[in-house]
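Chemist: My structure is stored as structure.pdb, with PDB, C-alpha atoms.
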```pdb
ATOM      1  CA  MET A 519      64.028  -9.845  33.172  1.00  0.00           C
ATOM      2  CA  LEU A 520      61.334  -7.244  32.535  1.00  0.00           C
ATOM      3  CA  SER A 521      59.841  -5.352  35.438  1.00  0.00           C
ATOM      4  CA  PRO A 522      56.204  -6.142  36.123  1.00  0.00           C
ATOM      5  CA  VAL A 523      53.496  -3.612  35.418  1.00  0.00           C
ATOM      6  CA  CYS A 524      51.762  -2.824  38.699  1.00  0.00           C
ATOM      7  CA  VAL A 525      48.510  -1.428  39.988  1.00  0.00           C
ATOM      8  CA  VAL A 526      49.236   0.222  43.321  1.00  0.00           C
ATOM      9  CA  ASP A 527      46.365   0.398  45.785  1.00  0.00           C
ATOM     10  CA  THR A 528      45.606   3.620  47.607  1.00  0.00           C
ATOM     11  CA  ASN A 529      46.617   2.264  51.002  1.00  0.00           C
ATOM     12  CA  ILE A 530      50.179   1.793  49.733  1.00  0.00           C
ATOM     13  CA  VAL A 531      50.368   5.381  48.451  1.00  0.00           C
ATOM     14  CA  VAL A 532      48.947   6.734  51.719  1.00  0.00           C
ATOM     15  CA  SER A 533      51.260   4.586  53.858  1.00  0.00           C
ATOM     16  CA  GLY A 534      54.224   5.691  51.786  1.00  0.00           C
ATOM     17  CA  LEU A 535      53.319   9.330  52.265  1.00  0.00           C
ATOM     18  CA  ILE A 536      52.469   9.330  55.979  1.00  0.00           C
ATOM     19  CA  GLY A 537      54.833   6.641  57.241  1.00  0.00           C
ATOM     20  CA  GLY A 538      57.693   7.773  59.410  1.00  0.00           C
ATOM     21  CA  ASP A 539      60.143   5.256  57.964  1.00  0.00           C
ATOM     22  CA  ARG A 540      61.490   6.372  54.588  1.00  0.00           C
ATOM     23  CA  ASP A 541      62.957   2.880  54.137  1.00  0.00           C
ATOM     24  CA  SER A 542      59.625   1.094  54.579  1.00  0.00           C
ATOM     25  CA  PRO A 543      58.291  -0.941  51.644  1.00  0.00           C
ATOM     26  CA  PRO A 544      55.335   1.444  51.028  1.00  0.00           C
ATOM     27  CA  ALA A 545      57.689   4.458  51.030  1.00  0.00           C
ATOM     28  CA  GLY A 546      59.984   2.648  48.605  1.00  0.00           C
ATOM     29  CA  ILE A 547      57.080   1.866  46.283  1.00  0.00           C
ATOM     30  CA  LEU A 548      55.765   5.447  46.401  1.00  0.00           C
ATOM     31  CA  ASN A 549      59.253   6.847  45.775  1.00  0.00           C
ATOM     32  CA  ALA A 550      59.712   4.487  42.831  1.00  0.00           C
ATOM     33  CA  MET A 551      56.389   5.709  41.414  1.00  0.00           C
ATOM     34  CA  LEU A 552      57.326   9.367  41.891  1.00  0.00           C
ATOM     35  CA  ASN A 553      60.808   8.851  40.429  1.00  0.00           C
ATOM     36  CA  GLY A 554      59.537   6.946  37.409  1.00  0.00           C
ATOM     37  CA  ASN A 555      61.336   3.772  38.467  1.00  0.00           C
ATOM     38  CA  LEU A 556      58.193   1.636  38.688  1.00  0.00           C
ATOM     39  CA  LEU A 557      55.912   0.689  35.828  1.00  0.00           C
ATOM     40  CA  TYR A 558      52.343   1.140  37.001  1.00  0.00           C
ATOM     41  CA  LEU A 559      48.872   1.656  35.621  1.00  0.00           C
ATOM     42  CA  MET A 560      46.580   4.584  36.391  1.00  0.00           C
ATOM     43  CA  SER A 561      42.975   5.325  35.498  1.00  0.00           C
ATOM     44  CA  SER A 562      40.653   8.220  36.196  1.00  0.00           C
ATOM     45  CA  ASP A 563      38.877   6.106  38.837  1.00  0.00           C
ATOM     46  CA  LEU A 564      42.108   5.246  40.649  1.00  0.00           C
ATOM     47  CA  LEU A 565      43.301   8.856  40.462  1.00  0.00           C
ATOM     48  CA  ASP A 566      39.982  10.002  41.958  1.00  0.00           C
ATOM     49  CA  VAL A 567      40.396   7.557  44.836  1.00  0.00           C
ATOM     50  CA  TYR A 568      44.016   8.640  45.454  1.00  0.00           C
ATOM     51  CA  SER A 569      42.894  12.280  45.480  1.00  0.00           C
ATOM     52  CA  SER A 570      39.875  11.879  47.727  1.00  0.00           C
ATOM     53  CA  VAL A 571      41.685   9.726  50.281  1.00  0.00           C
ATOM     54  CA  LEU A 572      44.763  11.986  50.450  1.00  0.00           C
ATOM     55  CA  ARG A 573      42.442  14.956  51.074  1.00  0.00           C
ATOM     56  CA  ARG A 574      40.590  13.396  54.003  1.00  0.00           C
ATOM     57  CA  PRO A 575      40.921  15.777  56.965  1.00  0.00           C
ATOM     58  CA  ALA A 576      42.261  13.072  59.292  1.00  0.00           C
ATOM     59  CA  LEU A 577      45.021  12.207  56.818  1.00  0.00           C
ATOM     60  CA  VAL A 578      45.816  15.845  56.054  1.00  0.00           C
ATOM     61  CA  ARG A 579      46.503  16.333  59.774  1.00  0.00           C
ATOM     62  CA  VAL A 580      49.028  13.489  59.592  1.00  0.00           C
ATOM     63  CA  HIS A 581      50.796  14.162  56.273  1.00  0.00           C
ATOM     64  CA  ARG A 582      50.446  17.966  56.536  1.00  0.00           C
ATOM     65  CA  CYS A 583      50.359  18.414  52.775  1.00  0.00           C
ATOM     66  CA  THR A 584      48.494  21.351  51.307  1.00  0.00           C
ATOM     67  CA  ASP A 585      46.073  20.946  48.413  1.00  0.00           C
ATOM     68  CA  ASP A 586      48.863  22.238  46.134  1.00  0.00           C
ATOM     69  CA  ASP A 587      51.279  19.628  47.545  1.00  0.00           C
ATOM     70  CA  ILE A 588      48.736  16.880  46.922  1.00  0.00           C
ATOM     71  CA  ASP A 589      48.111  18.191  43.405  1.00  0.00           C
ATOM     72  CA  ARG A 590      51.863  18.047  42.684  1.00  0.00           C
ATOM     73  CA  VAL A 591      52.124  14.469  43.994  1.00  0.00           C
ATOM     74  CA  LEU A 592      49.123  13.409  41.914  1.00  0.00           C
ATOM     75  CA  ALA A 593      50.455  15.182  38.799  1.00  0.00           C
ATOM     76  CA  CYS A 594      53.762  13.375  39.192  1.00  0.00           C
ATOM     77  CA  LEU A 595      52.009  10.038  39.655  1.00  0.00           C
ATOM     78  CA  VAL A 596      49.952  10.633  36.509  1.00  0.00           C
ATOM     79  CA  ALA A 597      52.991  11.754  34.509  1.00  0.00           C
ATOM     80  CA  ASN A 598      54.928   8.590  35.373  1.00  0.00           C
ATOM     81  CA  SER A 599      52.059   6.168  34.881  1.00  0.00           C
ATOM     82  CA  MET A 600      50.745   4.092  32.023  1.00  0.00           C
ATOM     83  CA  TRP A 601      47.226   5.497  31.599  1.00  0.00           C
ATOM     84  CA  ARG A 602      44.391   3.068  30.956  1.00  0.00           C
ATOM     85  CA  GLU A 603      40.627   3.463  30.992  1.00  0.00           C
ATOM     86  CA  PRO A 604      38.950   0.126  31.715  1.00  0.00           C
ATOM     87  CA  THR A 605      36.154  -0.937  29.405  1.00  0.00           C
ATOM     88  CA  VAL A 606      34.869  -3.689  31.684  1.00  0.00           C
ATOM     89  CA  ASP A 607      33.556  -3.588  35.219  1.00  0.00           C
ATOM     90  CA  GLY A 608      35.578  -5.168  37.987  1.00  0.00           C
ATOM     91  CA  ASP A 609      34.272  -7.846  40.323  1.00  0.00           C
ATOM     92  CA  ALA A 610      36.480  -7.545  43.414  1.00  0.00           C
ATOM     93  CA  PRO A 611      35.665  -9.291  46.694  1.00  0.00           C
ATOM     94  CA  ASP A 612      34.953  -5.793  48.077  1.00  0.00           C
ATOM     95  CA  SER A 613      32.889  -3.734  45.623  1.00  0.00           C
ATOM     96  CA  GLY A 614      34.796  -0.629  46.719  1.00  0.00           C
ATOM     97  CA  ASP A 615      37.811  -2.122  44.954  1.00  0.00           C
ATOM     98  CA  ASN A 616      36.084  -2.893  41.642  1.00  0.00           C
ATOM     99  CA  HIS A 617      38.091  -0.090  40.007  1.00  0.00           C
ATOM    100  CA  LEU A 618      41.287  -2.058  40.778  1.00  0.00           C
ATOM    101  CA  TRP A 619      39.969  -5.261  39.202  1.00  0.00           C
ATOM    102  CA  ALA A 620      38.812  -3.294  36.146  1.00  0.00           C
ATOM    103  CA  LEU A 621      42.222  -1.639  35.784  1.00  0.00           C
ATOM    104  CA  LEU A 622      44.016  -4.975  36.159  1.00  0.00           C
ATOM    105  CA  ALA A 623      41.939  -6.310  33.257  1.00  0.00           C
ATOM    106  CA  THR A 624      43.501  -3.705  30.939  1.00  0.00           C
ATOM    107  CA  PHE A 625      46.979  -5.242  31.084  1.00  0.00           C
ATOM    108  CA  ALA A 626      47.784  -8.951  30.945  1.00  0.00           C
ATOM    109  CA  GLN A 627      49.970 -10.203  33.782  1.00  0.00           C
ATOM    110  CA  ALA A 628      49.630  -7.006  35.845  1.00  0.00           C
ATOM    111  CA  LEU A 629      50.653  -7.143  39.496  1.00  0.00           C
ATOM    112  CA  LEU A 630      48.360  -5.706  42.161  1.00  0.00           C
ATOM    113  CA  VAL A 631      50.315  -4.236  45.071  1.00  0.00           C
ATOM    114  CA  ILE A 632      48.055  -4.156  48.108  1.00  0.00           C
ATOM    115  CA  SER A 633      48.072  -4.836  51.829  1.00  0.00           C
ATOM    116  CA  ASP A 634      44.351  -5.623  52.166  1.00  0.00           C
ATOM    117  CA  GLY A 635      43.916  -9.171  53.496  1.00  0.00           C
ATOM    118  CA  PRO A 636      40.682 -10.090  51.669  1.00  0.00           C
ATOM    119  CA  LEU A 637      42.128  -8.948  48.348  1.00  0.00           C
ATOM    120  CA  LEU A 638      45.410 -10.753  48.974  1.00  0.00           C
ATOM    121  CA  ASP A 639      43.446 -13.904  49.772  1.00  0.00           C
ATOM    122  CA  ASN A 640      41.122 -13.583  46.741  1.00  0.00           C
ATOM    123  CA  PRO A 641      43.213 -12.343  43.811  1.00  0.00           C
ATOM    124  CA  PRO A 642      41.724 -11.786  40.393  1.00  0.00           C
ATOM    125  CA  SER A 643      42.230 -14.633  37.952  1.00  0.00           C
ATOM    126  CA  ASN A 644      44.117 -12.454  35.465  1.00  0.00           C
ATOM    127  CA  ALA A 645      46.729 -10.935  37.803  1.00  0.00           C
ATOM    128  CA  SER A 646      49.112 -11.599  40.649  1.00  0.00           C
ATOM    129  CA  VAL A 647      48.674  -9.928  44.016  1.00  0.00           C
ATOM    130  CA  MET A 648      51.520  -9.047  46.359  1.00  0.00           C
ATOM    131  CA  SER A 649      51.991  -7.114  49.574  1.00  0.00           C
ATOM    132  CA  PRO A 650      54.589  -4.293  49.845  1.00  0.00           C
ATOM    133  CA  PRO A 651      57.273  -6.382  51.582  1.00  0.00           C
ATOM    134  CA  GLU A 652      57.150  -8.838  48.689  1.00  0.00           C
ATOM    135  CA  THR A 653      57.377  -6.083  46.062  1.00  0.00           C
ATOM    136  CA  SER A 654      59.877  -3.707  47.665  1.00  0.00           C
ATOM    137  CA  PRO A 655      62.786  -4.910  45.463  1.00  0.00           C
ATOM    138  CA  ILE A 656      60.864  -3.938  42.293  1.00  0.00           C
TER
END
```
For this file, produce the structure as structure tokens.
Modeler:
Amino acid sequence: MLSPVCVVDTNIVVSGLIGGDRDSPPAGILNAMLNGNLLYLMSSDLLDVYSSVLRRPALVRVHRCTDDDIDRVLACLVANSMWREPTVDGDAPDSGDNHLWALLATFAQALLVISDGPLLDNPPSNASVMSPPETSPI
């Protein structure tokens, strides 16, 4: 069976980085991304969101990563990703997540990995949506 191609929401990456449990589903997903063991899509919009959120002062105090550390994490995520630039606008239930819907539209049968309730309850028509506990075996 082929592994699904995923779009990993920012909250999963952040939870994987700041969580105290290295065996948690978000940590497992982030480690799989960093190790190249997960097929996932990336776009300039998603990379910008990852970068801006990881650099928020409140999060920096928790994860204690320097700008150089964050740059290395982001470079590794980009290097292991399947890069796509959406040509259509997304129409997510929360307009702040339109970049995710647009990225999902670039790959048929993509899987959105997210822990946001409204997005889990209102998935896009062209993709599946799963929370980290459901995707941790990937």
Chemist: Starting from the shown file, work through the PyMOL selection byres ((chain A and resi 575-584) around 12) and note down what comes out as number ranges by chain.
Modeler: A: 529, 531-538, 568-574, 585-591
Chemist: Write the residues of the preceding selection, restricted to C-alpha atoms, as an mmCIF file, in the coordinates of the input.
Modeler:
```cif
data_model
loop_
_atom_site.group_PDB
_atom_site.id
_atom_site.type_symbol
_atom_site.label_atom_id
_atom_site.label_comp_id
_atom_site.auth_asym_id
_atom_site.auth_seq_id
_atom_site.Cartn_x
_atom_site.Cartn_y
_atom_site.Cartn_z
ATOM 1 C CA ASN A 529 46.617 2.264 51.002
ATOM 2 C CA VAL A 531 50.368 5.381 48.451
ATOM 3 C CA VAL A 532 48.947 6.734 51.719
ATOM 4 C CA SER A 533 51.260 4.586 53.858
ATOM 5 C CA GLY A 534 54.224 5.691 51.786
ATOM 6 C CA LEU A 535 53.319 9.330 52.265
ATOM 7 C CA ILE A 536 52.469 9.330 55.979
ATOM 8 C CA GLY A 537 54.833 6.641 57.241
ATOM 9 C CA GLY A 538 57.693 7.773 59.410
ATOM 10 C CA TYR A 568 44.016 8.640 45.454
ATOM 11 C CA SER A 569 42.894 12.280 45.480
ATOM 12 C CA SER A 570 39.875 11.879 47.727
ATOM 13 C CA VAL A 571 41.685 9.726 50.281
ATOM 14 C CA LEU A 572 44.763 11.986 50.450
ATOM 15 C CA ARG A 573 42.442 14.956 51.074
ATOM 16 C CA ARG A 574 40.590 13.396 54.003
ATOM 17 C CA ASP A 585 46.073 20.946 48.413
ATOM 18 C CA ASP A 586 48.863 22.238 46.134
ATOM 19 C CA ASP A 587 51.279 19.628 47.545
ATOM 20 C CA ILE A 588 48.736 16.880 46.922
ATOM 21 C CA ASP A 589 48.111 18.191 43.405
ATOM 22 C CA ARG A 590 51.863 18.047 42.684
ATOM 23 C CA VAL A 591 52.124 14.469 43.994
#
```
Chemist: Would you work out the distance separating atom CA of A:Gly554 from atom CA of A:Asn598, expressed in Å to one decimal?
Modeler: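 Atom CA of A:Asn598 lies at a distance of 5.3 Å from atom CA of A:Gly554.
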Chemist: Take the point (50.2, 12.5, 35.5) in the file's coordinates, draw a sphere of radius 12 Å around it, and report as a PyMOL selection string every protein, DNA or RNA residue with an atom inside or on it, counting only C-alpha atoms.
Modeler: chain A and resi 551-552+554+558-562+565+589-602
Chemist: Name the residues that the PyMOL selection byres ((chain A and resi 606) around 12) picks from the file above, as a VMD selection string, using the file's chain letters and numbers.
Modeler: chain A and resid 602 to 605 607 to 609 616 to 624
Chemist: Could you check how far atom CA of A:Asn549 sits from atom CA of A:Gly635, in Å to one decimal?
Modeler: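 Separation of atom CA of A:Asn549 and atom CA of A:Gly635: 23.5 Å.
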Chemist: One decimal, Å: what's the distance from atom CA of A:Ala626 over to atom CA of A:Gly614, could you say?
Modeler: 22.1 Å
Chemist: So, with all atoms listed in the file as the atoms that count, which of A:Asn553, A:Ser613, A:Ser542, A:Thr528 lies closest to A:Val631?
Modeler: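 Ranked by minimum distance to A:Val631, first place goes to A:Thr528.
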Chemist: Where's the centre, and what are the edge lengths in Å to one decimal, of a box along x, y and z enclosing all listed atoms of stretch 633-651 of chain A padded 3 Å per side, as AutoDock Vina command-line options?
Modeler:
```
--center_x 49.0 --center_y -9.5 --center_z 44.5 --size_x 22.6 --size_y 16.3 --size_z 24.0
```
Chemist: Write out as an MDAnalysis selection string the residues lying within 10 Å of A:Ser649, counting all atoms listed in the file and excluding same-chain residues fewer than 4 positions away.
Modeler: chainID A and resid 530 543:544 630:635 638 653:654
Chemist: Starting from the PyMOL selection byres ((chain A and resi 644) around 9), expand the selection into actual residues of this file and give them as a PyMOL selection string.
Modeler: chain A and resi 622-623+625-628+641-643+645-646
Chemist: Closest to A:Leu637 among A:Ile547, A:Val526, A:Leu557, A:Ala610, using all atoms listed in the file?
Modeler: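 Among the listed residues, A:Ala610 lies closest to A:Leu637.
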Chemist: Which one is closest to A:Pro611: A:Asp566, A:Asp527, A:Asp541, A:Asp639? Count all atoms listed in the file.
Modeler: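 Looking at the shortest contact to A:Pro611, the residue is A:Asp639.
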Chemist: Can stretch 623-650 of chain A be brought up to N, CA and C atoms and written out as a CSV table (one decimal), in the coordinates of the input?
Modeler:
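That gives us rebuild.csv:
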```csv
chain,number,residue,atom,x,y,z
A,623,ALA,N,42.4,-5.6,34.5
A,623,ALA,CA,41.9,-6.3,33.3
A,623,ALA,C,42.5,-5.6,32.0
A,624,THR,N,43.0,-4.4,32.1
A,624,THR,CA,43.5,-3.7,30.9
A,624,THR,C,44.9,-4.1,30.5
A,625,PHE,N,45.6,-4.9,31.4
A,625,PHE,CA,47.0,-5.2,31.1
A,625,PHE,C,47.2,-6.7,31.5
A,626,ALA,N,47.5,-7.5,30.6
A,626,ALA,CA,47.8,-9.0,30.9
A,626,ALA,C,49.0,-9.1,31.9
A,627,GLN,N,48.9,-9.9,32.8
A,627,GLN,CA,50.0,-10.2,33.8
A,627,GLN,C,50.3,-9.0,34.7
A,628,ALA,N,49.4,-8.1,34.9
A,628,ALA,CA,49.6,-7.0,35.8
A,628,ALA,C,49.7,-7.5,37.3
A,629,LEU,N,50.4,-6.8,38.1
A,629,LEU,CA,50.7,-7.1,39.5
A,629,LEU,C,49.9,-6.1,40.4
A,630,LEU,N,49.0,-6.6,41.2
A,630,LEU,CA,48.4,-5.7,42.2
A,630,LEU,C,49.2,-5.6,43.4
A,631,VAL,N,49.6,-4.4,43.8
A,631,VAL,CA,50.3,-4.2,45.1
A,631,VAL,C,49.3,-3.7,46.1
A,632,ILE,N,49.1,-4.5,47.1
A,632,ILE,CA,48.1,-4.2,48.1
A,632,ILE,C,48.4,-4.8,49.4
A,633,SER,N,47.9,-4.2,50.5
A,633,SER,CA,48.1,-4.8,51.8
A,633,SER,C,46.8,-5.3,52.5
A,634,ASP,N,45.7,-5.3,51.7
A,634,ASP,CA,44.4,-5.6,52.2
A,634,ASP,C,44.2,-7.1,52.2
A,635,GLY,N,44.0,-7.7,53.3
A,635,GLY,CA,43.9,-9.2,53.5
A,635,GLY,C,42.9,-9.9,52.6
A,636,PRO,N,41.6,-9.4,52.5
A,636,PRO,CA,40.7,-10.1,51.7
A,636,PRO,C,41.1,-10.1,50.2
A,637,LEU,N,41.7,-9.0,49.8
A,637,LEU,CA,42.1,-8.9,48.3
A,637,LEU,C,43.4,-9.8,48.1
A,638,LEU,N,44.3,-9.9,49.1
A,638,LEU,CA,45.4,-10.8,49.0
A,638,LEU,C,45.0,-12.2,48.9
A,639,ASP,N,43.9,-12.5,49.7
A,639,ASP,CA,43.4,-13.9,49.8
A,639,ASP,C,42.6,-14.3,48.6
A,640,ASN,N,42.0,-13.3,47.9
A,640,ASN,CA,41.1,-13.6,46.7
A,640,ASN,C,41.6,-12.8,45.5
A,641,PRO,N,42.7,-13.1,44.9
A,641,PRO,CA,43.2,-12.3,43.8
A,641,PRO,C,42.4,-12.6,42.6
A,642,PRO,N,42.4,-11.6,41.7
A,642,PRO,CA,41.7,-11.8,40.4
A,642,PRO,C,42.4,-12.9,39.6
A,643,SER,N,41.7,-13.5,38.7
A,643,SER,CA,42.2,-14.6,38.0
A,643,SER,C,43.3,-14.2,36.9
A,644,ASN,N,43.2,-12.9,36.5
A,644,ASN,CA,44.1,-12.5,35.5
A,644,ASN,C,45.3,-11.7,36.0
A,645,ALA,N,45.6,-11.7,37.3
A,645,ALA,CA,46.7,-10.9,37.8
A,645,ALA,C,47.3,-11.6,39.1
A,646,SER,N,48.5,-11.2,39.4
A,646,SER,CA,49.1,-11.6,40.6
A,646,SER,C,48.9,-10.5,41.7
A,647,VAL,N,48.9,-10.9,42.9
A,647,VAL,CA,48.7,-9.9,44.0
A,647,VAL,C,49.8,-10.1,45.0
A,648,MET,N,50.4,-9.0,45.4
A,648,MET,CA,51.5,-9.0,46.4
A,648,MET,C,51.4,-7.9,47.4
A,649,SER,N,51.9,-8.1,48.6
A,649,SER,CA,52.0,-7.1,49.6
A,649,SER,C,53.3,-6.3,49.4
A,650,PRO,N,53.4,-5.1,50.0
A,650,PRO,CA,54.6,-4.3,49.8
A,650,PRO,C,55.9,-5.0,50.2
```
